[in-house]
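Quick look at my_file02.txt (compact mmCIF, C-alpha atoms):
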# COMPACT_ATOMS: atom_id res chain seq x y z
CA MET A 1 27.79 6.54 -59.93
CA VAL A 2 31.02 7.79 -61.44
CA LYS A 3 34.35 6.85 -59.92
CA GLY A 4 35.99 9.51 -57.81
CA PRO A 5 36.82 10.37 -54.18
CA GLY A 6 33.42 9.14 -52.96
CA LEU A 7 31.50 10.76 -50.11
CA TYR A 8 32.75 11.89 -46.70
CA PHE A 9 31.67 8.74 -44.87
CA ASP A 10 33.89 6.73 -47.25
CA ILE A 11 36.98 8.23 -45.58
CA GLY A 12 38.40 5.49 -43.37
CA LYS A 13 35.52 3.11 -44.17
CA LYS A 14 37.72 0.18 -45.19
CA ALA A 15 39.52 0.17 -41.85
CA ARG A 16 36.27 0.63 -39.89
CA ASP A 17 34.63 -2.29 -41.68
CA LEU A 18 37.65 -4.50 -41.03
CA LEU A 19 37.80 -3.62 -37.33
CA TYR A 20 34.10 -3.37 -36.39
CA LYS A 21 31.75 -4.79 -39.02
CA ASP A 22 29.95 -8.08 -38.12
CA TYR A 23 31.30 -8.15 -34.56
CA GLN A 24 28.45 -8.39 -32.06
CA SER A 25 27.53 -9.81 -28.67
CA ASP A 26 23.80 -10.18 -29.42
CA HIS A 27 21.82 -12.94 -31.08
CA LYS A 28 20.33 -11.84 -34.40
CA PHE A 29 18.13 -13.71 -36.86
CA THR A 30 17.01 -12.30 -40.23
CA VAL A 31 14.79 -13.90 -42.87
CA THR A 32 14.15 -12.29 -46.26
CA THR A 33 11.55 -13.43 -48.79
CA TYR A 34 10.50 -12.08 -52.18
CA THR A 35 7.03 -11.87 -53.70
CA SER A 36 6.21 -12.41 -57.37
CA THR A 37 6.06 -8.62 -57.82
CA GLY A 38 9.66 -8.21 -56.58
CA LEU A 39 8.73 -6.94 -53.11
CA ALA A 40 11.36 -7.94 -50.53
CA ILE A 41 10.09 -8.64 -47.00
CA SER A 42 12.57 -9.02 -44.14
CA SER A 43 11.90 -10.00 -40.54
CA THR A 44 14.58 -9.47 -37.91
CA GLY A 45 14.71 -10.59 -34.30
CA ILE A 46 17.44 -9.53 -31.85
CA ARG A 47 18.12 -10.70 -28.32
CA LYS A 48 20.11 -8.23 -26.21
CA GLY A 49 20.57 -9.92 -22.86
CA GLU A 50 17.03 -10.33 -21.51
CA LEU A 51 15.60 -7.85 -24.01
CA TYR A 52 13.97 -9.00 -27.24
CA LEU A 53 13.63 -6.63 -30.20
CA GLY A 54 12.26 -7.11 -33.67
CA ASP A 55 11.32 -5.34 -36.86
CA VAL A 56 9.71 -6.03 -40.20
CA SER A 57 10.90 -4.21 -43.31
CA THR A 58 9.91 -4.16 -46.96
CA GLN A 59 11.75 -2.95 -50.04
CA LEU A 60 10.29 -2.30 -53.46
CA LYS A 61 12.35 -1.29 -56.48
CA ASN A 62 10.73 0.32 -59.51
CA LYS A 63 13.21 1.42 -62.16
CA ASN A 64 15.48 3.91 -60.35
CA ILE A 65 13.19 4.40 -57.32
CA THR A 66 13.62 2.30 -54.18
CA THR A 67 11.10 2.46 -51.33
CA ASP A 68 12.02 1.03 -47.92
CA VAL A 69 9.51 0.78 -45.07
CA LYS A 70 10.39 -0.64 -41.64
CA VAL A 71 8.22 -1.15 -38.55
CA ASP A 72 10.13 -1.64 -35.29
CA THR A 73 9.27 -2.94 -31.84
CA ASN A 74 8.15 0.53 -30.68
CA SER A 75 5.63 0.79 -33.55
CA ASN A 76 7.70 3.39 -35.37
CA VAL A 77 7.25 3.33 -39.13
CA ILE A 78 10.49 4.34 -40.86
CA THR A 79 10.13 5.18 -44.55
CA THR A 80 12.96 5.94 -46.96
CA ILE A 81 12.50 6.75 -50.65
CA THR A 82 15.65 6.79 -52.79
CA VAL A 83 15.81 8.07 -56.36
CA ASP A 84 19.02 6.91 -58.00
CA GLU A 85 20.48 9.13 -60.72
CA PRO A 86 17.58 11.44 -61.66
CA ALA A 87 20.55 13.23 -63.25
CA PRO A 88 24.07 11.85 -63.86
CA GLY A 89 25.91 11.38 -60.56
CA LEU A 90 22.94 12.52 -58.44
CA LYS A 91 20.98 10.63 -55.78
CA ALA A 92 17.95 11.98 -53.87
CA ILE A 93 16.79 10.51 -50.55
CA PHE A 94 13.59 11.38 -48.66
CA SER A 95 13.01 9.87 -45.23
CA PHE A 96 10.63 10.24 -42.28
CA ILE A 97 9.58 8.36 -39.16
CA ALA A 98 5.92 8.12 -38.15
CA PRO A 99 4.50 9.29 -35.80
CA ASP A 100 7.40 11.76 -35.27
CA GLN A 101 6.32 14.80 -37.25
CA ARG A 102 9.75 16.43 -36.93
CA SER A 103 11.69 13.53 -38.44
CA GLY A 104 11.28 14.35 -42.13
CA LYS A 105 14.52 14.90 -44.03
CA VAL A 106 15.59 15.44 -47.62
CA GLU A 107 19.11 14.53 -48.72
CA LEU A 108 20.93 15.04 -51.99
CA GLN A 109 24.15 13.25 -52.92
CA TYR A 110 26.27 14.13 -55.92
CA GLN A 111 29.40 12.31 -57.02
CA HIS A 112 31.76 13.63 -59.67
CA GLU A 113 35.13 12.44 -60.90
CA TYR A 114 36.83 14.95 -58.62
CA ALA A 115 34.23 15.68 -55.93
CA GLY A 116 31.56 14.14 -53.74
CA ILE A 117 28.88 16.23 -52.02
CA SER A 118 26.09 15.30 -49.63
CA THR A 119 23.64 17.78 -48.13
CA SER A 120 20.49 17.30 -46.12
CA ILE A 121 17.91 19.45 -44.38
CA GLY A 122 15.21 18.62 -41.87
CA LEU A 123 11.61 19.36 -42.82
CA THR A 124 10.86 21.54 -39.81
CA ALA A 125 10.46 25.23 -39.12
CA ASN A 126 13.98 25.42 -37.65
CA PRO A 127 15.83 22.54 -39.30
CA ILE A 128 19.29 21.14 -38.82
CA VAL A 129 21.28 21.48 -42.04
CA ASN A 130 24.00 18.96 -42.80
CA PHE A 131 26.70 19.34 -45.43
CA SER A 132 29.66 17.17 -46.28
CA GLY A 133 32.00 17.50 -49.21
CA VAL A 134 35.08 15.76 -50.54
CA VAL A 135 37.44 16.97 -53.25
CA GLY A 136 40.24 15.01 -54.88
CA ASN A 137 40.43 11.79 -56.86
CA ASN A 138 40.58 8.07 -56.22
CA LEU A 139 44.12 8.47 -54.85
CA LEU A 140 43.99 11.51 -52.54
CA SER A 141 40.97 13.32 -51.14
CA LEU A 142 40.19 15.95 -48.52
CA GLY A 143 36.77 16.54 -47.00
CA THR A 144 34.66 18.20 -44.32
CA ASP A 145 31.44 17.31 -42.51
CA LEU A 146 29.30 20.08 -40.97
CA SER A 147 25.95 20.35 -39.16
CA PHE A 148 24.26 23.70 -38.47
CA ASP A 149 21.31 24.19 -36.11
CA THR A 150 19.21 27.01 -37.52
CA ALA A 151 17.28 27.30 -34.23
CA SER A 152 20.36 28.14 -32.13
CA GLY A 153 22.52 29.49 -34.94
CA ASN A 154 25.39 27.21 -33.93
CA PHE A 155 27.43 24.54 -35.65
CA THR A 156 26.69 21.25 -33.86
CA LYS A 157 29.25 19.25 -35.85
CA VAL A 158 32.54 20.27 -37.42
CA ASN A 159 34.68 17.44 -38.77
CA ALA A 160 37.42 17.13 -41.38
CA GLY A 161 39.14 14.20 -43.02
CA LEU A 162 41.96 13.15 -45.34
CA ASN A 163 42.15 9.91 -47.34
CA PHE A 164 45.15 8.49 -49.20
CA ILE A 165 44.97 5.39 -51.40
CA HIS A 166 47.94 3.77 -53.08
CA SER A 167 47.76 0.32 -54.59
CA ASP A 168 46.95 -2.01 -51.66
CA LEU A 169 47.25 0.67 -48.95
CA ILE A 170 44.64 3.08 -47.54
CA ALA A 171 45.57 5.66 -44.90
CA SER A 172 43.04 8.05 -43.36
CA LEU A 173 43.08 10.92 -40.89
CA LEU A 174 39.93 12.32 -39.25
CA LEU A 175 39.51 15.36 -36.99
CA ASN A 176 36.17 15.05 -35.18
CA ASP A 177 34.14 16.58 -32.33
CA LYS A 178 35.08 20.15 -33.21
CA ALA A 179 38.79 19.30 -33.27
CA ASP A 180 38.68 17.49 -29.90
CA THR A 181 39.34 14.00 -31.32
CA ILE A 182 41.85 12.95 -33.96
CA THR A 183 41.70 9.47 -35.48
CA ALA A 184 44.25 7.86 -37.79
CA SER A 185 43.49 4.57 -39.53
CA TYR A 186 45.39 2.20 -41.77
CA TYR A 187 44.21 -0.60 -44.08
CA HIS A 188 46.51 -2.88 -46.04
CA THR A 189 45.62 -5.72 -48.40
CA VAL A 190 48.25 -8.39 -47.78
CA SER A 191 46.98 -10.99 -50.25
CA PRO A 192 44.15 -10.33 -52.72
CA LEU A 193 43.91 -14.06 -53.49
CA THR A 194 42.85 -14.91 -49.93
CA ASN A 195 41.35 -11.50 -49.07
CA THR A 196 43.92 -11.21 -46.30
CA ALA A 197 44.07 -7.72 -44.83
CA VAL A 198 45.38 -5.95 -41.74
CA GLY A 199 44.24 -2.68 -40.26
CA ALA A 200 44.64 -0.36 -37.30
CA GLU A 201 42.91 2.65 -35.79
CA LEU A 202 44.46 5.08 -33.32
CA ALA A 203 42.33 7.78 -31.68
CA HIS A 204 43.33 10.57 -29.28
CA SER A 205 41.02 12.82 -27.27
CA PHE A 206 42.52 16.22 -26.48
CA SER A 207 39.99 17.03 -23.71
CA SER A 208 40.49 13.79 -21.76
CA ASN A 209 44.03 13.07 -22.99
CA GLU A 210 43.01 9.45 -23.63
CA ASN A 211 44.23 7.21 -26.42
CA SER A 212 42.61 4.15 -27.95
CA LEU A 213 44.25 1.69 -30.31
CA THR A 214 42.59 -1.16 -32.18
CA ILE A 215 44.36 -3.52 -34.57
CA GLY A 216 42.80 -6.33 -36.56
CA THR A 217 43.05 -8.71 -39.46
CA ALA A 218 40.83 -10.69 -41.83
CA HIS A 219 41.49 -13.80 -43.89
CA ALA A 220 39.39 -15.94 -46.22
CA LEU A 221 39.78 -19.64 -45.41
CA ASP A 222 37.96 -20.42 -48.67
CA PRO A 223 35.71 -18.47 -51.06
CA LEU A 224 32.76 -18.86 -48.64
CA THR A 225 34.37 -18.59 -45.20
CA THR A 226 36.06 -15.59 -43.59
CA VAL A 227 37.74 -15.24 -40.20
CA LYS A 228 38.53 -11.96 -38.45
CA ALA A 229 40.31 -11.00 -35.24
CA ARG A 230 41.02 -7.78 -33.39
CA VAL A 231 42.46 -6.51 -30.11
CA ASN A 232 42.52 -3.09 -28.48
CA ASN A 233 44.68 -1.38 -25.87
CA TYR A 234 42.02 -2.02 -23.18
CA GLY A 235 42.78 -5.73 -23.40
CA ARG A 236 39.61 -6.77 -25.22
CA ALA A 237 40.25 -9.44 -27.85
CA SER A 238 37.59 -10.46 -30.37
CA ALA A 239 37.28 -12.97 -33.18
CA LEU A 240 34.60 -14.11 -35.61
CA ILE A 241 33.99 -16.61 -38.35
CA GLN A 242 31.45 -16.01 -41.11
CA HIS A 243 30.28 -18.61 -43.60
CA GLU A 244 28.12 -18.04 -46.68
CA TRP A 245 26.36 -21.41 -46.68
CA ARG A 246 24.18 -20.42 -49.64
CA PRO A 247 24.18 -17.31 -51.89
CA LYS A 248 23.56 -14.18 -49.78
CA SER A 249 22.82 -16.27 -46.67
CA PHE A 250 25.38 -15.92 -43.87
CA PHE A 251 26.03 -17.52 -40.50
CA THR A 252 28.31 -15.56 -38.19
CA ILE A 253 29.59 -16.41 -34.73
CA SER A 254 31.74 -13.94 -32.80
CA GLY A 255 33.25 -13.78 -29.35
CA GLU A 256 35.03 -11.32 -27.10
CA VAL A 257 37.15 -11.82 -23.99
CA ASP A 258 38.63 -9.30 -21.58
CA THR A 259 42.26 -10.40 -21.22
CA ARG A 260 42.61 -8.21 -18.13
CA ALA A 261 39.74 -10.04 -16.42
CA ILE A 262 40.00 -13.51 -17.90
CA GLU A 263 37.83 -14.94 -15.12
CA LYS A 264 34.80 -13.19 -16.60
CA SER A 265 32.64 -15.06 -19.10
CA ALA A 266 33.30 -14.41 -22.77
CA LYS A 267 30.69 -12.56 -24.78
CA VAL A 268 29.35 -14.63 -27.67
CA GLY A 269 27.25 -13.30 -30.54
CA LEU A 270 25.36 -15.19 -33.23
CA ALA A 271 23.87 -13.89 -36.47
CA LEU A 272 21.94 -15.82 -39.11
CA ALA A 273 20.74 -14.14 -42.31
CA LEU A 274 18.60 -16.17 -44.71
CA LYS A 275 17.80 -15.12 -48.26
CA PRO A 276 16.23 -17.23 -51.03

Would you mind writing the file's structure down as structure tokens?
Amino acid sequence: MVKGPGLYFDIGKKARDLLYKDYQSDHKFTVTTYTSTGLAISSTGIRKGELYLGDVSTQLKNKNITTDVKVDTNSNVITTITVDEPAPGLKAIFSFIAPDQRSGKVELQYQHEYAGISTSIGLTANPIVNFSGVVGNNLLSLGTDLSFDTASGNFTKVNAGLNFIHSDLIASLLLNDKADTITASYYHTVSPLTNTAVGAELAHSFSSNENSLTIGTAHALDPLTTVKARVNNYGRASALIQHEWRPKSFFTISGEVDTRAIEKSAKVGLALALKP
């Protein structure tokens, strides 16, 4: 894909990844193997309290076509077919979930030097149509994200966003939930040599008049080990350490404590991903 403003979901993504990615309170184990034909097979098991979930997924790449098939605990078969660059800057995605006959969806993504567009439509008689678009460049971009229900004739989602990038700083502003929620986020690379970064996210709900603030940081202890920490205005403090003990294989341990109820047990999450 060409360089440009990216797609709508890229607005604020750096800050979201810093503050929320890899934090978990569950126990997760993933093993991936590859066949001689290049087929990737992944098995995932998750423990959520007393509940055990699992899925098996496969991925096959053939030139510019990638086929992903996943079977979950509820016997749903989720299939996604991605065609990368059938034309310059274009990506086509077809997905459906069996046995849900109303789950089929076709999505087209197009990225240009000064624009990024994504549109999708459900394969039903009265589909939901999604459209998101961003205009600008790799410094400043403005975008919108819309969903329209053809059955009711109403917009079910109306969002807008602004992204500003300058050197080691990324600032974003999002207006979501039909202008009911405004979210501002900030991401700053302190030291590229150690991948040290800080970030913050402030959200305000106009209907409930509630505010939420989360601040966090990340730092690489060495090229294979990263630590992260965050805290929010509700008094919940979290931290994690992630180690790449072999290429593409990660071990992550994370924990969260409620500083306003320190007598409660801390939540601890473990994740192990193994790849050959």

Any idea what's packed within 8 Å of range 22-31 of chain A, counting only C-alpha atoms, ignoring anything in its chain fewer than 2 positions away? Could you give it as a list in words? Tyr20, Thr33, Ser42, Ser43, Thr44, Gly45, Ile46, Arg47, Lys48, Gly49, Ser238, Ala239, Leu240, Thr252, Ser254, Gly255, Glu256, Lys267, Val268, Gly269, Leu270, Ala271, Leu272, Ala273, Leu274 and Lys275 of chain A

Near-Lys178 in chain A list (6 Å; all atoms listed in the file; drop same-chain fewer than 2 positions) as a ChimeraX atom specification: /A:158,176,180

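Pairwise distance (CA of Ala92 in chain A, CA of Ser132 in chain A) equals 14.9 Å.
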
List the neighbours of His219 in chain A out to 8 Å using only C-alpha atoms; skip same-chain residues closer than 3 positions along the sequence, and give me the result as an mmCIF file with C-alpha atoms, keeping the file's coordinate frame.
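Heads up, here's the output in selection_24.cif:
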data_model
loop_
_atom_site.group_PDB
_atom_site.id
_atom_site.type_symbol
_atom_site.label_atom_id
_atom_site.label_comp_id
_atom_site.auth_asym_id
_atom_site.auth_seq_id
_atom_site.Cartn_x
_atom_site.Cartn_y
_atom_site.Cartn_z
ATOM 1 C CA THR A 194 42.850 -14.910 -49.930
ATOM 2 C CA ASN A 195 41.350 -11.500 -49.070
ATOM 3 C CA THR A 196 43.920 -11.210 -46.300
ATOM 4 C CA ALA A 197 44.070 -7.720 -44.830
ATOM 5 C CA THR A 226 36.060 -15.590 -43.590
ATOM 6 C CA VAL A 227 37.740 -15.240 -40.200
ATOM 7 C CA LYS A 228 38.530 -11.960 -38.450
#

Using all atoms listed in the file, pick whichever of A:Tyr186, A:Phe251, A:Tyr114, A:Phe96 has the shortest atom-to-atom distance to Gly136 in chain A.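 Distance minimum relative to Gly136 in chain A lands on A:Tyr114.
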
From A:His166, A:His204, A:Lys21, A:Lys105, residue lying nearest Thr183 in chain A [only C-alpha atoms]: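 For Thr183 in chain A, the nearest of the candidates is A:His204.
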
Minimum-distance residue to Thr79 in chain A, chosen among A:Ala179, A:Ile97, A:Val129, A:Ile65 (using only C-alpha atoms): A:Ile97

CA of Arg102 in chain A to CA of Gly122 in chain A, straight-line distance in Å: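 Computed distance, CA of Gly122 in chain A to CA of Arg102 in chain A, equals 7.7 Å.
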
Neighbour list for Phe94 in chain A as a short mmCIF file (atom, residue, chain, number, x, y, z; two decimals) with C-alpha atoms, keeping the file's coordinate frame, cut-off 10 Å, all atoms listed in the file, skip fewer than 2 positions in-chain:
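Contents of around37.cif, as written:
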data_model
loop_
_atom_site.label_atom_id
_atom_site.label_comp_id
_atom_site.auth_asym_id
_atom_site.auth_seq_id
_atom_site.Cartn_x
_atom_site.Cartn_y
_atom_site.Cartn_z
CA THR A 67 11.10 2.46 -51.33
CA THR A 79 10.13 5.18 -44.55
CA THR A 80 12.96 5.94 -46.96
CA ILE A 81 12.50 6.75 -50.65
CA THR A 82 15.65 6.79 -52.79
CA VAL A 83 15.81 8.07 -56.36
CA ALA A 92 17.95 11.98 -53.87
CA PHE A 96 10.63 10.24 -42.28
CA GLY A 104 11.28 14.35 -42.13
CA LYS A 105 14.52 14.90 -44.03
CA VAL A 106 15.59 15.44 -47.62
CA GLU A 107 19.11 14.53 -48.72
CA LEU A 108 20.93 15.04 -51.99
CA SER A 120 20.49 17.30 -46.12
#

As a PDB file, keeping the file's coordinate frame, could you write out range 13-31 of chain A once it has been completed with N, CA and C atoms?
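This went into selection.pdb:
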ATOM      1  N   LYS A  13      36.538   4.161 -44.247  1.00  0.00           N
ATOM      2  CA  LYS A  13      35.520   3.110 -44.170  1.00  0.00           C
ATOM      3  C   LYS A  13      36.110   1.709 -44.239  1.00  0.00           C
ATOM      4  N   LYS A  14      37.115   1.507 -45.057  1.00  0.00           N
ATOM      5  CA  LYS A  14      37.720   0.180 -45.190  1.00  0.00           C
ATOM      6  C   LYS A  14      38.263  -0.311 -43.849  1.00  0.00           C
ATOM      7  N   ALA A  15      38.964   0.553 -43.142  1.00  0.00           N
ATOM      8  CA  ALA A  15      39.520   0.170 -41.850  1.00  0.00           C
ATOM      9  C   ALA A  15      38.411  -0.053 -40.826  1.00  0.00           C
ATOM     10  N   ARG A  16      37.382   0.805 -40.834  1.00  0.00           N
ATOM     11  CA  ARG A  16      36.270   0.630 -39.890  1.00  0.00           C
ATOM     12  C   ARG A  16      35.552  -0.683 -40.125  1.00  0.00           C
ATOM     13  N   ASP A  17      35.302  -1.025 -41.379  1.00  0.00           N
ATOM     14  CA  ASP A  17      34.630  -2.290 -41.680  1.00  0.00           C
ATOM     15  C   ASP A  17      35.468  -3.481 -41.224  1.00  0.00           C
ATOM     16  N   LEU A  18      36.769  -3.403 -41.452  1.00  0.00           N
ATOM     17  CA  LEU A  18      37.650  -4.500 -41.030  1.00  0.00           C
ATOM     18  C   LEU A  18      37.622  -4.672 -39.515  1.00  0.00           C
ATOM     19  N   LEU A  19      37.647  -3.556 -38.774  1.00  0.00           N
ATOM     20  CA  LEU A  19      37.800  -3.620 -37.330  1.00  0.00           C
ATOM     21  C   LEU A  19      36.479  -3.797 -36.573  1.00  0.00           C
ATOM     22  N   TYR A  20      35.351  -3.389 -37.176  1.00  0.00           N
ATOM     23  CA  TYR A  20      34.100  -3.370 -36.390  1.00  0.00           C
ATOM     24  C   TYR A  20      32.923  -4.090 -37.055  1.00  0.00           C
ATOM     25  N   LYS A  21      32.908  -4.207 -38.356  1.00  0.00           N
ATOM     26  CA  LYS A  21      31.750  -4.790 -39.020  1.00  0.00           C
ATOM     27  C   LYS A  21      31.592  -6.272 -38.677  1.00  0.00           C
ATOM     28  N   ASP A  22      30.361  -6.695 -38.401  1.00  0.00           N
ATOM     29  CA  ASP A  22      29.950  -8.080 -38.120  1.00  0.00           C
ATOM     30  C   ASP A  22      30.311  -8.561 -36.727  1.00  0.00           C
ATOM     31  N   TYR A  23      31.064  -7.783 -35.952  1.00  0.00           N
ATOM     32  CA  TYR A  23      31.300  -8.150 -34.560  1.00  0.00           C
ATOM     33  C   TYR A  23      30.058  -7.786 -33.735  1.00  0.00           C
ATOM     34  N   GLN A  24      29.586  -8.691 -32.898  1.00  0.00           N
ATOM     35  CA  GLN A  24      28.450  -8.390 -32.060  1.00  0.00           C
ATOM     36  C   GLN A  24      28.393  -9.367 -30.898  1.00  0.00           C
ATOM     37  N   SER A  25      27.706  -8.954 -29.845  1.00  0.00           N
ATOM     38  CA  SER A  25      27.530  -9.810 -28.670  1.00  0.00           C
ATOM     39  C   SER A  25      26.075 -10.226 -28.504  1.00  0.00           C
ATOM     40  N   ASP A  26      25.228  -9.853 -29.475  1.00  0.00           N
ATOM     41  CA  ASP A  26      23.800 -10.180 -29.420  1.00  0.00           C
ATOM     42  C   ASP A  26      23.519 -11.414 -30.276  1.00  0.00           C
ATOM     43  N   HIS A  27      22.284 -11.861 -30.217  1.00  0.00           N
ATOM     44  CA  HIS A  27      21.820 -12.940 -31.080  1.00  0.00           C
ATOM     45  C   HIS A  27      20.824 -12.351 -32.073  1.00  0.00           C
ATOM     46  N   LYS A  28      21.115 -12.497 -33.366  1.00  0.00           N
ATOM     47  CA  LYS A  28      20.330 -11.840 -34.400  1.00  0.00           C
ATOM     48  C   LYS A  28      19.933 -12.846 -35.468  1.00  0.00           C
ATOM     49  N   PHE A  29      18.669 -12.790 -35.860  1.00  0.00           N
ATOM     50  CA  PHE A  29      18.130 -13.710 -36.860  1.00  0.00           C
ATOM     51  C   PHE A  29      17.323 -12.912 -37.882  1.00  0.00           C
ATOM     52  N   THR A  30      17.675 -13.049 -39.166  1.00  0.00           N
ATOM     53  CA  THR A  30      17.010 -12.300 -40.230  1.00  0.00           C
ATOM     54  C   THR A  30      16.578 -13.235 -41.345  1.00  0.00           C
ATOM     55  N   VAL A  31      15.325 -13.105 -41.761  1.00  0.00           N
ATOM     56  CA  VAL A  31      14.790 -13.900 -42.870  1.00  0.00           C
ATOM     57  C   VAL A  31      14.230 -12.940 -43.911  1.00  0.00           C
TER      58      VAL A  31
END
